[in-house]
$ cat start_11.pdb   # PDB, N, CA and C atoms, pLDDT in the B column
ATOM      1  N   MET A   1      26.864   3.898 -30.940  1.00 54.00           N
ATOM      2  CA  MET A   1      26.852   2.489 -30.585  1.00 54.00           C
ATOM      3  C   MET A   1      25.420   1.968 -30.739  1.00 54.00           C
ATOM      4  N   ASN A   2      25.256   0.876 -31.420  1.00 59.00           N
ATOM      5  CA  ASN A   2      23.920   0.294 -31.544  1.00 59.00           C
ATOM      6  C   ASN A   2      23.816  -0.945 -30.666  1.00 59.00           C
ATOM      7  N   TYR A   3      22.632  -1.543 -30.625  1.00 57.00           N
ATOM      8  CA  TYR A   3      22.345  -2.662 -29.732  1.00 57.00           C
ATOM      9  C   TYR A   3      23.303  -3.826 -29.932  1.00 57.00           C
ATOM     10  N   THR A   4      23.719  -4.084 -31.163  1.00 63.00           N
ATOM     11  CA  THR A   4      24.589  -5.231 -31.413  1.00 63.00           C
ATOM     12  C   THR A   4      26.001  -5.009 -30.885  1.00 63.00           C
ATOM     13  N   ASP A   5      26.350  -3.756 -30.547  1.00 82.00           N
ATOM     14  CA  ASP A   5      27.672  -3.458 -30.015  1.00 82.00           C
ATOM     15  C   ASP A   5      27.761  -3.672 -28.510  1.00 82.00           C
ATOM     16  N   VAL A   6      26.637  -3.902 -27.847  1.00 87.00           N
ATOM     17  CA  VAL A   6      26.626  -4.098 -26.397  1.00 87.00           C
ATOM     18  C   VAL A   6      27.182  -5.490 -26.094  1.00 87.00           C
ATOM     19  N   PRO A   7      28.188  -5.566 -25.213  1.00 90.00           N
ATOM     20  CA  PRO A   7      28.726  -6.884 -24.863  1.00 90.00           C
ATOM     21  C   PRO A   7      27.634  -7.766 -24.262  1.00 90.00           C
ATOM     22  N   ILE A   8      27.696  -9.037 -24.536  1.00 89.00           N
ATOM     23  CA  ILE A   8      26.651  -9.973 -24.119  1.00 89.00           C
ATOM     24  C   ILE A   8      26.464  -9.972 -22.605  1.00 89.00           C
ATOM     25  N   TRP A   9      27.539  -9.782 -21.832  1.00 88.00           N
ATOM     26  CA  TRP A   9      27.443  -9.816 -20.373  1.00 88.00           C
ATOM     27  C   TRP A   9      26.815  -8.546 -19.799  1.00 88.00           C
ATOM     28  N   GLU A  10      26.537  -7.540 -20.656  1.00 91.00           N
ATOM     29  CA  GLU A  10      25.874  -6.322 -20.213  1.00 91.00           C
ATOM     30  C   GLU A  10      24.420  -6.249 -20.683  1.00 91.00           C
ATOM     31  N   LYS A  11      23.993  -7.187 -21.503  1.00 93.00           N
ATOM     32  CA  LYS A  11      22.623  -7.173 -22.003  1.00 93.00           C
ATOM     33  C   LYS A  11      21.659  -7.650 -20.929  1.00 93.00           C
ATOM     34  N   TYR A  12      20.464  -7.059 -20.903  1.00 94.00           N
ATOM     35  CA  TYR A  12      19.429  -7.473 -19.956  1.00 94.00           C
ATOM     36  C   TYR A  12      18.782  -8.779 -20.404  1.00 94.00           C
ATOM     37  N   THR A  13      18.490  -8.882 -21.693  1.00 95.00           N
ATOM     38  CA  THR A  13      17.915 -10.113 -22.231  1.00 95.00           C
ATOM     39  C   THR A  13      18.799 -10.666 -23.331  1.00 95.00           C
ATOM     40  N   LEU A  14      18.720 -11.979 -23.485  1.00 96.00           N
ATOM     41  CA  LEU A  14      19.490 -12.674 -24.514  1.00 96.00           C
ATOM     42  C   LEU A  14      18.547 -13.508 -25.352  1.00 96.00           C
ATOM     43  N   THR A  15      18.882 -13.652 -26.610  1.00 95.00           N
ATOM     44  CA  THR A  15      18.149 -14.593 -27.451  1.00 95.00           C
ATOM     45  C   THR A  15      18.554 -16.001 -27.036  1.00 95.00           C
ATOM     46  N   ILE A  16      17.821 -16.983 -27.504  1.00 96.00           N
ATOM     47  CA  ILE A  16      18.177 -18.382 -27.224  1.00 96.00           C
ATOM     48  C   ILE A  16      19.598 -18.655 -27.709  1.00 96.00           C
ATOM     49  N   GLU A  17      19.938 -18.144 -28.878  1.00 96.00           N
ATOM     50  CA  GLU A  17      21.263 -18.377 -29.453  1.00 96.00           C
ATOM     51  C   GLU A  17      22.359 -17.761 -28.579  1.00 96.00           C
ATOM     52  N   GLU A  18      22.132 -16.494 -28.155  1.00 95.00           N
ATOM     53  CA  GLU A  18      23.119 -15.822 -27.307  1.00 95.00           C
ATOM     54  C   GLU A  18      23.241 -16.532 -25.958  1.00 95.00           C
ATOM     55  N   ALA A  19      22.109 -16.885 -25.357  1.00 96.00           N
ATOM     56  CA  ALA A  19      22.118 -17.552 -24.053  1.00 96.00           C
ATOM     57  C   ALA A  19      22.813 -18.906 -24.142  1.00 96.00           C
ATOM     58  N   SER A  20      22.613 -19.606 -25.231  1.00 96.00           N
ATOM     59  CA  SER A  20      23.245 -20.905 -25.422  1.00 96.00           C
ATOM     60  C   SER A  20      24.765 -20.774 -25.393  1.00 96.00           C
ATOM     61  N   LYS A  21      25.283 -19.785 -26.082  1.00 95.00           N
ATOM     62  CA  LYS A  21      26.733 -19.565 -26.102  1.00 95.00           C
ATOM     63  C   LYS A  21      27.233 -19.064 -24.757  1.00 95.00           C
ATOM     64  N   TYR A  22      26.498 -18.120 -24.171  1.00 95.00           N
ATOM     65  CA  TYR A  22      26.913 -17.499 -22.911  1.00 95.00           C
ATOM     66  C   TYR A  22      26.943 -18.512 -21.765  1.00 95.00           C
ATOM     67  N   PHE A  23      25.885 -19.326 -21.654  1.00 95.00           N
ATOM     68  CA  PHE A  23      25.783 -20.279 -20.564  1.00 95.00           C
ATOM     69  C   PHE A  23      26.321 -21.670 -20.913  1.00 95.00           C
ATOM     70  N   ARG A  24      26.700 -21.855 -22.173  1.00 95.00           N
ATOM     71  CA  ARG A  24      27.206 -23.145 -22.663  1.00 95.00           C
ATOM     72  C   ARG A  24      26.184 -24.264 -22.439  1.00 95.00           C
ATOM     73  N   ILE A  25      24.953 -23.947 -22.834  1.00 95.00           N
ATOM     74  CA  ILE A  25      23.840 -24.901 -22.781  1.00 95.00           C
ATOM     75  C   ILE A  25      23.301 -25.002 -24.197  1.00 95.00           C
ATOM     76  N   GLY A  26      22.942 -26.178 -24.623  1.00 96.00           N
ATOM     77  CA  GLY A  26      22.422 -26.364 -25.972  1.00 96.00           C
ATOM     78  C   GLY A  26      21.168 -25.547 -26.238  1.00 96.00           C
ATOM     79  N   GLU A  27      21.040 -25.045 -27.452  1.00 97.00           N
ATOM     80  CA  GLU A  27      19.872 -24.257 -27.842  1.00 97.00           C
ATOM     81  C   GLU A  27      18.582 -25.044 -27.655  1.00 97.00           C
ATOM     82  N   ASN A  28      18.570 -26.302 -28.056  1.00 97.00           N
ATOM     83  CA  ASN A  28      17.359 -27.112 -27.922  1.00 97.00           C
ATOM     84  C   ASN A  28      16.963 -27.287 -26.464  1.00 97.00           C
ATOM     85  N   LYS A  29      17.953 -27.494 -25.591  1.00 96.00           N
ATOM     86  CA  LYS A  29      17.661 -27.650 -24.168  1.00 96.00           C
ATOM     87  C   LYS A  29      17.091 -26.355 -23.592  1.00 96.00           C
ATOM     88  N   LEU A  30      17.688 -25.216 -23.932  1.00 95.00           N
ATOM     89  CA  LEU A  30      17.183 -23.933 -23.453  1.00 95.00           C
ATOM     90  C   LEU A  30      15.761 -23.678 -23.946  1.00 95.00           C
ATOM     91  N   ARG A  31      15.535 -23.940 -25.206  1.00 95.00           N
ATOM     92  CA  ARG A  31      14.207 -23.732 -25.776  1.00 95.00           C
ATOM     93  C   ARG A  31      13.181 -24.628 -25.070  1.00 95.00           C
ATOM     94  N   ARG A  32      13.556 -25.884 -24.820  1.00 95.00           N
ATOM     95  CA  ARG A  32      12.661 -26.819 -24.142  1.00 95.00           C
ATOM     96  C   ARG A  32      12.373 -26.349 -22.713  1.00 95.00           C
ATOM     97  N   LEU A  33      13.408 -25.920 -21.979  1.00 93.00           N
ATOM     98  CA  LEU A  33      13.217 -25.402 -20.630  1.00 93.00           C
ATOM     99  C   LEU A  33      12.256 -24.216 -20.619  1.00 93.00           C
ATOM    100  N   ALA A  34      12.419 -23.323 -21.583  1.00 93.00           N
ATOM    101  CA  ALA A  34      11.557 -22.145 -21.666  1.00 93.00           C
ATOM    102  C   ALA A  34      10.122 -22.537 -22.007  1.00 93.00           C
ATOM    103  N   GLU A  35       9.957 -23.469 -22.939  1.00 92.00           N
ATOM    104  CA  GLU A  35       8.617 -23.892 -23.340  1.00 92.00           C
ATOM    105  C   GLU A  35       7.910 -24.668 -22.232  1.00 92.00           C
ATOM    106  N   GLU A  36       8.669 -25.403 -21.412  1.00 94.00           N
ATOM    107  CA  GLU A  36       8.084 -26.172 -20.312  1.00 94.00           C
ATOM    108  C   GLU A  36       7.782 -25.302 -19.094  1.00 94.00           C
ATOM    109  N   ASN A  37       8.381 -24.105 -19.033  1.00 90.00           N
ATOM    110  CA  ASN A  37       8.217 -23.193 -17.889  1.00 90.00           C
ATOM    111  C   ASN A  37       7.839 -21.789 -18.370  1.00 90.00           C
ATOM    112  N   PRO A  38       6.706 -21.652 -19.072  1.00 88.00           N
ATOM    113  CA  PRO A  38       6.373 -20.364 -19.692  1.00 88.00           C
ATOM    114  C   PRO A  38       6.175 -19.214 -18.709  1.00 88.00           C
ATOM    115  N   SER A  39       5.865 -19.518 -17.454  1.00 91.00           N
ATOM    116  CA  SER A  39       5.658 -18.448 -16.482  1.00 91.00           C
ATOM    117  C   SER A  39       6.885 -18.211 -15.605  1.00 91.00           C
ATOM    118  N   ALA A  40       8.004 -18.812 -15.972  1.00 92.00           N
ATOM    119  CA  ALA A  40       9.238 -18.630 -15.195  1.00 92.00           C
ATOM    120  C   ALA A  40       9.671 -17.170 -15.243  1.00 92.00           C
ATOM    121  N   GLY A  41      10.244 -16.712 -14.157  1.00 94.00           N
ATOM    122  CA  GLY A  41      10.665 -15.318 -14.061  1.00 94.00           C
ATOM    123  C   GLY A  41      11.856 -14.951 -14.921  1.00 94.00           C
ATOM    124  N   TRP A  42      12.461 -15.921 -15.570  1.00 96.00           N
ATOM    125  CA  TRP A  42      13.648 -15.634 -16.386  1.00 96.00           C
ATOM    126  C   TRP A  42      13.343 -15.575 -17.880  1.00 96.00           C
ATOM    127  N   ILE A  43      12.054 -15.616 -18.232  1.00 96.00           N
ATOM    128  CA  ILE A  43      11.643 -15.620 -19.634  1.00 96.00           C
ATOM    129  C   ILE A  43      10.811 -14.380 -19.953  1.00 96.00           C
ATOM    130  N   ILE A  44      11.062 -13.809 -21.106  1.00 95.00           N
ATOM    131  CA  ILE A  44      10.212 -12.773 -21.680  1.00 95.00           C
ATOM    132  C   ILE A  44       9.854 -13.249 -23.079  1.00 95.00           C
ATOM    133  N   MET A  45       8.568 -13.237 -23.386  1.00 92.00           N
ATOM    134  CA  MET A  45       8.143 -13.580 -24.743  1.00 92.00           C
ATOM    135  C   MET A  45       8.010 -12.290 -25.546  1.00 92.00           C
ATOM    136  N   ASN A  46       8.704 -12.227 -26.647  1.00 90.00           N
ATOM    137  CA  ASN A  46       8.647 -11.088 -27.562  1.00 90.00           C
ATOM    138  C   ASN A  46       7.970 -11.604 -28.819  1.00 90.00           C
ATOM    139  N   GLY A  47       6.629 -11.519 -28.842  1.00 91.00           N
ATOM    140  CA  GLY A  47       5.890 -12.175 -29.917  1.00 91.00           C
ATOM    141  C   GLY A  47       6.032 -13.668 -29.713  1.00 91.00           C
ATOM    142  N   ASN A  48       6.572 -14.351 -30.696  1.00 90.00           N
ATOM    143  CA  ASN A  48       6.819 -15.792 -30.536  1.00 90.00           C
ATOM    144  C   ASN A  48       8.290 -16.091 -30.255  1.00 90.00           C
ATOM    145  N   ARG A  49       9.073 -15.031 -30.041  1.00 93.00           N
ATOM    146  CA  ARG A  49      10.502 -15.208 -29.732  1.00 93.00           C
ATOM    147  C   ARG A  49      10.726 -15.228 -28.237  1.00 93.00           C
ATOM    148  N   ILE A  50      11.518 -16.168 -27.794  1.00 95.00           N
ATOM    149  CA  ILE A  50      11.851 -16.298 -26.374  1.00 95.00           C
ATOM    150  C   ILE A  50      13.090 -15.450 -26.088  1.00 95.00           C
ATOM    151  N   GLN A  51      13.000 -14.633 -25.046  1.00 96.00           N
ATOM    152  CA  GLN A  51      14.136 -13.865 -24.560  1.00 96.00           C
ATOM    153  C   GLN A  51      14.448 -14.353 -23.146  1.00 96.00           C
ATOM    154  N   ILE A  52      15.709 -14.516 -22.835  1.00 97.00           N
ATOM    155  CA  ILE A  52      16.152 -14.984 -21.527  1.00 97.00           C
ATOM    156  C   ILE A  52      16.661 -13.785 -20.738  1.00 97.00           C
ATOM    157  N   LYS A  53      16.114 -13.571 -19.543  1.00 97.00           N
ATOM    158  CA  LYS A  53      16.627 -12.519 -18.665  1.00 97.00           C
ATOM    159  C   LYS A  53      17.942 -13.024 -18.094  1.00 97.00           C
ATOM    160  N   ARG A  54      19.027 -12.426 -18.538  1.00 96.00           N
ATOM    161  CA  ARG A  54      20.363 -12.929 -18.235  1.00 96.00           C
ATOM    162  C   ARG A  54      20.631 -13.052 -16.737  1.00 96.00           C
ATOM    163  N   LYS A  55      20.444 -11.999 -15.968  1.00 95.00           N
ATOM    164  CA  LYS A  55      20.772 -12.036 -14.536  1.00 95.00           C
ATOM    165  C   LYS A  55      19.880 -13.010 -13.777  1.00 95.00           C
ATOM    166  N   HIS A  56      18.600 -13.073 -14.117  1.00 96.00           N
ATOM    167  CA  HIS A  56      17.696 -14.010 -13.461  1.00 96.00           C
ATOM    168  C   HIS A  56      18.122 -15.449 -13.744  1.00 96.00           C
ATOM    169  N   PHE A  57      18.469 -15.725 -14.995  1.00 96.00           N
ATOM    170  CA  PHE A  57      18.874 -17.077 -15.353  1.00 96.00           C
ATOM    171  C   PHE A  57      20.218 -17.432 -14.718  1.00 96.00           C
ATOM    172  N   GLU A  58      21.119 -16.441 -14.589  1.00 94.00           N
ATOM    173  CA  GLU A  58      22.408 -16.683 -13.928  1.00 94.00           C
ATOM    174  C   GLU A  58      22.190 -17.146 -12.496  1.00 94.00           C
ATOM    175  N   LYS A  59      21.239 -16.533 -11.787  1.00 94.00           N
ATOM    176  CA  LYS A  59      20.949 -16.938 -10.404  1.00 94.00           C
ATOM    177  C   LYS A  59      20.464 -18.379 -10.344  1.00 94.00           C
ATOM    178  N   ILE A  60      19.624 -18.763 -11.310  1.00 91.00           N
ATOM    179  CA  ILE A  60      19.132 -20.135 -11.353  1.00 91.00           C
ATOM    180  C   ILE A  60      20.271 -21.105 -11.603  1.00 91.00           C
ATOM    181  N   ILE A  61      21.127 -20.767 -12.549  1.00 90.00           N
ATOM    182  CA  ILE A  61      22.277 -21.621 -12.870  1.00 90.00           C
ATOM    183  C   ILE A  61      23.192 -21.738 -11.653  1.00 90.00           C
ATOM    184  N   ASP A  62      23.397 -20.646 -10.921  1.00 92.00           N
ATOM    185  CA  ASP A  62      24.269 -20.665  -9.743  1.00 92.00           C
ATOM    186  C   ASP A  62      23.747 -21.591  -8.652  1.00 92.00           C
ATOM    187  N   THR A  63      22.421 -21.751  -8.554  1.00 90.00           N
ATOM    188  CA  THR A  63      21.859 -22.595  -7.506  1.00 90.00           C
ATOM    189  C   THR A  63      21.870 -24.070  -7.868  1.00 90.00           C
ATOM    190  N   LEU A  64      22.108 -24.385  -9.129  1.00 80.00           N
ATOM    191  CA  LEU A  64      22.111 -25.799  -9.559  1.00 80.00           C
ATOM    192  C   LEU A  64      23.447 -26.460  -9.304  1.00 80.00           C
TER     193      LEU A  64
END
$ encode --input "start_11.pdb" --output "C-alpha cells"
Amino acid sequence: MNYTDVPIWEKYTLTIEEASKYFRIGENKLRRLAEENPSAGWIIMNGNRIQIKRKHFEKIIDTL
C-alpha cells in the first residue's frame, strides 16, 4: 500500500485540494485562510506547499 491508497479521513495532513473536497470549502478560501494565518496550529508548510493538519482543522470547523 502506498501513500495514495490511504483513505483521506485517515491522513494526518491534507493538501489544499484534498482539504477542499473533504471539508467542502473552496480551494481559494482555504489557501487565503492559510496565507492570512501562517502561524496557525493547523498548517504545515512543506517548502512552498501548504498542508492542512486534518484533525486540528476539524476541531476548528466544529467550533464554528
$ select_by_dssp --input "start_11.pdb" --residues "chain A" --states "helix (DSSP H, G or I)" --output "number ranges by chain"
A: 3-5, 8-10, 16-23, 27-36, 54-63
$ write_last_selection --input "start_11.pdb" --atoms "N, CA and C atoms" --output "mmCIF file, keeping the file's coordinate frame"
data_model
loop_
_atom_site.group_PDB
_atom_site.id
_atom_site.type_symbol
_atom_site.label_atom_id
_atom_site.label_comp_id
_atom_site.auth_asym_id
_atom_site.auth_seq_id
_atom_site.Cartn_x
_atom_site.Cartn_y
_atom_site.Cartn_z
ATOM 1 N N TYR A 3 22.632 -1.543 -30.625
ATOM 2 C CA TYR A 3 22.345 -2.662 -29.732
ATOM 3 C C TYR A 3 23.303 -3.826 -29.932
ATOM 4 N N THR A 4 23.719 -4.084 -31.163
ATOM 5 C CA THR A 4 24.589 -5.231 -31.413
ATOM 6 C C THR A 4 26.001 -5.009 -30.885
ATOM 7 N N ASP A 5 26.350 -3.756 -30.547
ATOM 8 C CA ASP A 5 27.672 -3.458 -30.015
ATOM 9 C C ASP A 5 27.761 -3.672 -28.510
ATOM 10 N N ILE A 8 27.696 -9.037 -24.536
ATOM 11 C CA ILE A 8 26.651 -9.973 -24.119
ATOM 12 C C ILE A 8 26.464 -9.972 -22.605
ATOM 13 N N TRP A 9 27.539 -9.782 -21.832
ATOM 14 C CA TRP A 9 27.443 -9.816 -20.373
ATOM 15 C C TRP A 9 26.815 -8.546 -19.799
ATOM 16 N N GLU A 10 26.537 -7.540 -20.656
ATOM 17 C CA GLU A 10 25.874 -6.322 -20.213
ATOM 18 C C GLU A 10 24.420 -6.249 -20.683
ATOM 19 N N ILE A 16 17.821 -16.983 -27.504
ATOM 20 C CA ILE A 16 18.177 -18.382 -27.224
ATOM 21 C C ILE A 16 19.598 -18.655 -27.709
ATOM 22 N N GLU A 17 19.938 -18.144 -28.878
ATOM 23 C CA GLU A 17 21.263 -18.377 -29.453
ATOM 24 C C GLU A 17 22.359 -17.761 -28.579
ATOM 25 N N GLU A 18 22.132 -16.494 -28.155
ATOM 26 C CA GLU A 18 23.119 -15.822 -27.307
ATOM 27 C C GLU A 18 23.241 -16.532 -25.958
ATOM 28 N N ALA A 19 22.109 -16.885 -25.357
ATOM 29 C CA ALA A 19 22.118 -17.552 -24.053
ATOM 30 C C ALA A 19 22.813 -18.906 -24.142
ATOM 31 N N SER A 20 22.613 -19.606 -25.231
ATOM 32 C CA SER A 20 23.245 -20.905 -25.422
ATOM 33 C C SER A 20 24.765 -20.774 -25.393
ATOM 34 N N LYS A 21 25.283 -19.785 -26.082
ATOM 35 C CA LYS A 21 26.733 -19.565 -26.102
ATOM 36 C C LYS A 21 27.233 -19.064 -24.757
ATOM 37 N N TYR A 22 26.498 -18.120 -24.171
ATOM 38 C CA TYR A 22 26.913 -17.499 -22.911
ATOM 39 C C TYR A 22 26.943 -18.512 -21.765
ATOM 40 N N PHE A 23 25.885 -19.326 -21.654
ATOM 41 C CA PHE A 23 25.783 -20.279 -20.564
ATOM 42 C C PHE A 23 26.321 -21.670 -20.913
ATOM 43 N N GLU A 27 21.040 -25.045 -27.452
ATOM 44 C CA GLU A 27 19.872 -24.257 -27.842
ATOM 45 C C GLU A 27 18.582 -25.044 -27.655
ATOM 46 N N ASN A 28 18.570 -26.302 -28.056
ATOM 47 C CA ASN A 28 17.359 -27.112 -27.922
ATOM 48 C C ASN A 28 16.963 -27.287 -26.464
ATOM 49 N N LYS A 29 17.953 -27.494 -25.591
ATOM 50 C CA LYS A 29 17.661 -27.650 -24.168
ATOM 51 C C LYS A 29 17.091 -26.355 -23.592
ATOM 52 N N LEU A 30 17.688 -25.216 -23.932
ATOM 53 C CA LEU A 30 17.183 -23.933 -23.453
ATOM 54 C C LEU A 30 15.761 -23.678 -23.946
ATOM 55 N N ARG A 31 15.535 -23.940 -25.206
ATOM 56 C CA ARG A 31 14.207 -23.732 -25.776
ATOM 57 C C ARG A 31 13.181 -24.628 -25.070
ATOM 58 N N ARG A 32 13.556 -25.884 -24.820
ATOM 59 C CA ARG A 32 12.661 -26.819 -24.142
ATOM 60 C C ARG A 32 12.373 -26.349 -22.713
ATOM 61 N N LEU A 33 13.408 -25.920 -21.979
ATOM 62 C CA LEU A 33 13.217 -25.402 -20.630
ATOM 63 C C LEU A 33 12.256 -24.216 -20.619
ATOM 64 N N ALA A 34 12.419 -23.323 -21.583
ATOM 65 C CA ALA A 34 11.557 -22.145 -21.666
ATOM 66 C C ALA A 34 10.122 -22.537 -22.007
ATOM 67 N N GLU A 35 9.957 -23.469 -22.939
ATOM 68 C CA GLU A 35 8.617 -23.892 -23.340
ATOM 69 C C GLU A 35 7.910 -24.668 -22.232
ATOM 70 N N GLU A 36 8.669 -25.403 -21.412
ATOM 71 C CA GLU A 36 8.084 -26.172 -20.312
ATOM 72 C C GLU A 36 7.782 -25.302 -19.094
ATOM 73 N N ARG A 54 19.027 -12.426 -18.538
ATOM 74 C CA ARG A 54 20.363 -12.929 -18.235
ATOM 75 C C ARG A 54 20.631 -13.052 -16.737
ATOM 76 N N LYS A 55 20.444 -11.999 -15.968
ATOM 77 C CA LYS A 55 20.772 -12.036 -14.536
ATOM 78 C C LYS A 55 19.880 -13.010 -13.777
ATOM 79 N N HIS A 56 18.600 -13.073 -14.117
ATOM 80 C CA HIS A 56 17.696 -14.010 -13.461
ATOM 81 C C HIS A 56 18.122 -15.449 -13.744
ATOM 82 N N PHE A 57 18.469 -15.725 -14.995
ATOM 83 C CA PHE A 57 18.874 -17.077 -15.353
ATOM 84 C C PHE A 57 20.218 -17.432 -14.718
ATOM 85 N N GLU A 58 21.119 -16.441 -14.589
ATOM 86 C CA GLU A 58 22.408 -16.683 -13.928
ATOM 87 C C GLU A 58 22.190 -17.146 -12.496
ATOM 88 N N LYS A 59 21.239 -16.533 -11.787
ATOM 89 C CA LYS A 59 20.949 -16.938 -10.404
ATOM 90 C C LYS A 59 20.464 -18.379 -10.344
ATOM 91 N N ILE A 60 19.624 -18.763 -11.310
ATOM 92 C CA ILE A 60 19.132 -20.135 -11.353
ATOM 93 C C ILE A 60 20.271 -21.105 -11.603
ATOM 94 N N ILE A 61 21.127 -20.767 -12.549
ATOM 95 C CA ILE A 61 22.277 -21.621 -12.870
ATOM 96 C C ILE A 61 23.192 -21.738 -11.653
ATOM 97 N N ASP A 62 23.397 -20.646 -10.921
ATOM 98 C CA ASP A 62 24.269 -20.665 -9.743
ATOM 99 C C ASP A 62 23.747 -21.591 -8.652
ATOM 100 N N THR A 63 22.421 -21.751 -8.554
ATOM 101 C CA THR A 63 21.859 -22.595 -7.506
ATOM 102 C C THR A 63 21.870 -24.070 -7.868
#
$ residues_around --input "start_11.pdb" --residues "segment 39-48 of chain A" --least-positions-apart "5" --cutoff "6.5 Å" --atoms "all atoms listed in the file" --output "PyMOL selection string"
chain A and resi 53+56-57
$ write_last_selection --input "start_11.pdb" --atoms "N, CA and C atoms" --output "PDB file, in the coordinates of the input"
ATOM      1  N   LYS A  53      16.114 -13.571 -19.543  1.00 97.00           N
ATOM      2  CA  LYS A  53      16.627 -12.519 -18.665  1.00 97.00           C
ATOM      3  C   LYS A  53      17.942 -13.024 -18.094  1.00 97.00           C
ATOM      4  N   HIS A  56      18.600 -13.073 -14.117  1.00 96.00           N
ATOM      5  CA  HIS A  56      17.696 -14.010 -13.461  1.00 96.00           C
ATOM      6  C   HIS A  56      18.122 -15.449 -13.744  1.00 96.00           C
ATOM      7  N   PHE A  57      18.469 -15.725 -14.995  1.00 96.00           N
ATOM      8  CA  PHE A  57      18.874 -17.077 -15.353  1.00 96.00           C
ATOM      9  C   PHE A  57      20.218 -17.432 -14.718  1.00 96.00           C
TER      10      PHE A  57
END
$ residues_near_point --input "start_11.pdb" --point "(19.4, -10.9, -27.1)" --cutoff "10 Å" --atoms "only C-alpha atoms" --output "ChimeraX atom specification"
/A:3-4,6,8,11-19,50-54
$ write_last_selection --input "start_11.pdb" --atoms "N, CA and C atoms" --output "PDB file, keeping the file's coordinate frame"
ATOM      1  N   TYR A   3      22.632  -1.543 -30.625  1.00 57.00           N
ATOM      2  CA  TYR A   3      22.345  -2.662 -29.732  1.00 57.00           C
ATOM      3  C   TYR A   3      23.303  -3.826 -29.932  1.00 57.00           C
ATOM      4  N   THR A   4      23.719  -4.084 -31.163  1.00 63.00           N
ATOM      5  CA  THR A   4      24.589  -5.231 -31.413  1.00 63.00           C
ATOM      6  C   THR A   4      26.001  -5.009 -30.885  1.00 63.00           C
ATOM      7  N   VAL A   6      26.637  -3.902 -27.847  1.00 87.00           N
ATOM      8  CA  VAL A   6      26.626  -4.098 -26.397  1.00 87.00           C
ATOM      9  C   VAL A   6      27.182  -5.490 -26.094  1.00 87.00           C
ATOM     10  N   ILE A   8      27.696  -9.037 -24.536  1.00 89.00           N
ATOM     11  CA  ILE A   8      26.651  -9.973 -24.119  1.00 89.00           C
ATOM     12  C   ILE A   8      26.464  -9.972 -22.605  1.00 89.00           C
ATOM     13  N   LYS A  11      23.993  -7.187 -21.503  1.00 93.00           N
ATOM     14  CA  LYS A  11      22.623  -7.173 -22.003  1.00 93.00           C
ATOM     15  C   LYS A  11      21.659  -7.650 -20.929  1.00 93.00           C
ATOM     16  N   TYR A  12      20.464  -7.059 -20.903  1.00 94.00           N
ATOM     17  CA  TYR A  12      19.429  -7.473 -19.956  1.00 94.00           C
ATOM     18  C   TYR A  12      18.782  -8.779 -20.404  1.00 94.00           C
ATOM     19  N   THR A  13      18.490  -8.882 -21.693  1.00 95.00           N
ATOM     20  CA  THR A  13      17.915 -10.113 -22.231  1.00 95.00           C
ATOM     21  C   THR A  13      18.799 -10.666 -23.331  1.00 95.00           C
ATOM     22  N   LEU A  14      18.720 -11.979 -23.485  1.00 96.00           N
ATOM     23  CA  LEU A  14      19.490 -12.674 -24.514  1.00 96.00           C
ATOM     24  C   LEU A  14      18.547 -13.508 -25.352  1.00 96.00           C
ATOM     25  N   THR A  15      18.882 -13.652 -26.610  1.00 95.00           N
ATOM     26  CA  THR A  15      18.149 -14.593 -27.451  1.00 95.00           C
ATOM     27  C   THR A  15      18.554 -16.001 -27.036  1.00 95.00           C
ATOM     28  N   ILE A  16      17.821 -16.983 -27.504  1.00 96.00           N
ATOM     29  CA  ILE A  16      18.177 -18.382 -27.224  1.00 96.00           C
ATOM     30  C   ILE A  16      19.598 -18.655 -27.709  1.00 96.00           C
ATOM     31  N   GLU A  17      19.938 -18.144 -28.878  1.00 96.00           N
ATOM     32  CA  GLU A  17      21.263 -18.377 -29.453  1.00 96.00           C
ATOM     33  C   GLU A  17      22.359 -17.761 -28.579  1.00 96.00           C
ATOM     34  N   GLU A  18      22.132 -16.494 -28.155  1.00 95.00           N
ATOM     35  CA  GLU A  18      23.119 -15.822 -27.307  1.00 95.00           C
ATOM     36  C   GLU A  18      23.241 -16.532 -25.958  1.00 95.00           C
ATOM     37  N   ALA A  19      22.109 -16.885 -25.357  1.00 96.00           N
ATOM     38  CA  ALA A  19      22.118 -17.552 -24.053  1.00 96.00           C
ATOM     39  C   ALA A  19      22.813 -18.906 -24.142  1.00 96.00           C
ATOM     40  N   ILE A  50      11.518 -16.168 -27.794  1.00 95.00           N
ATOM     41  CA  ILE A  50      11.851 -16.298 -26.374  1.00 95.00           C
ATOM     42  C   ILE A  50      13.090 -15.450 -26.088  1.00 95.00           C
ATOM     43  N   GLN A  51      13.000 -14.633 -25.046  1.00 96.00           N
ATOM     44  CA  GLN A  51      14.136 -13.865 -24.560  1.00 96.00           C
ATOM     45  C   GLN A  51      14.448 -14.353 -23.146  1.00 96.00           C
ATOM     46  N   ILE A  52      15.709 -14.516 -22.835  1.00 97.00           N
ATOM     47  CA  ILE A  52      16.152 -14.984 -21.527  1.00 97.00           C
ATOM     48  C   ILE A  52      16.661 -13.785 -20.738  1.00 97.00           C
ATOM     49  N   LYS A  53      16.114 -13.571 -19.543  1.00 97.00           N
ATOM     50  CA  LYS A  53      16.627 -12.519 -18.665  1.00 97.00           C
ATOM     51  C   LYS A  53      17.942 -13.024 -18.094  1.00 97.00           C
ATOM     52  N   ARG A  54      19.027 -12.426 -18.538  1.00 96.00           N
ATOM     53  CA  ARG A  54      20.363 -12.929 -18.235  1.00 96.00           C
ATOM     54  C   ARG A  54      20.631 -13.052 -16.737  1.00 96.00           C
TER      55      ARG A  54
END
$ axis_aligned_box --input "start_11.pdb" --around "segment 48-63 of chain A" --padding-each-side "8 Å" --output "AutoDock Vina command-line options"
--center_x 15.4 --center_y -18.0 --center_z -19.1 --size_x 33.7 --size_y 28.1 --size_z 39.2
$ select_by_dssp --input "start_11.pdb" --residues "chain A" --states "strand (DSSP E or B)" --output "list in words"
Thr13, Leu14, Thr15, Ile43, Ile44, Met45, Asn46, Arg49, Ile50, Gln51, Ile52 and Lys53 of chain A
$ atom_distance --input "start_11.pdb" --atom1 "atom N of Asp62 of chain A" --atom2 "atom C of Arg32 of chain A"
17.1 Å
$ atom_distance --input "start_11.pdb" --atom1 "atom C of Ile61 of chain A" --atom2 "atom CA of Phe23 of chain A"
9.4 Å
$ atom_distance --input "start_11.pdb" --atom1 "atom CA of Ser20 of chain A" --atom2 "atom CA of Lys59 of chain A"
15.7 Å
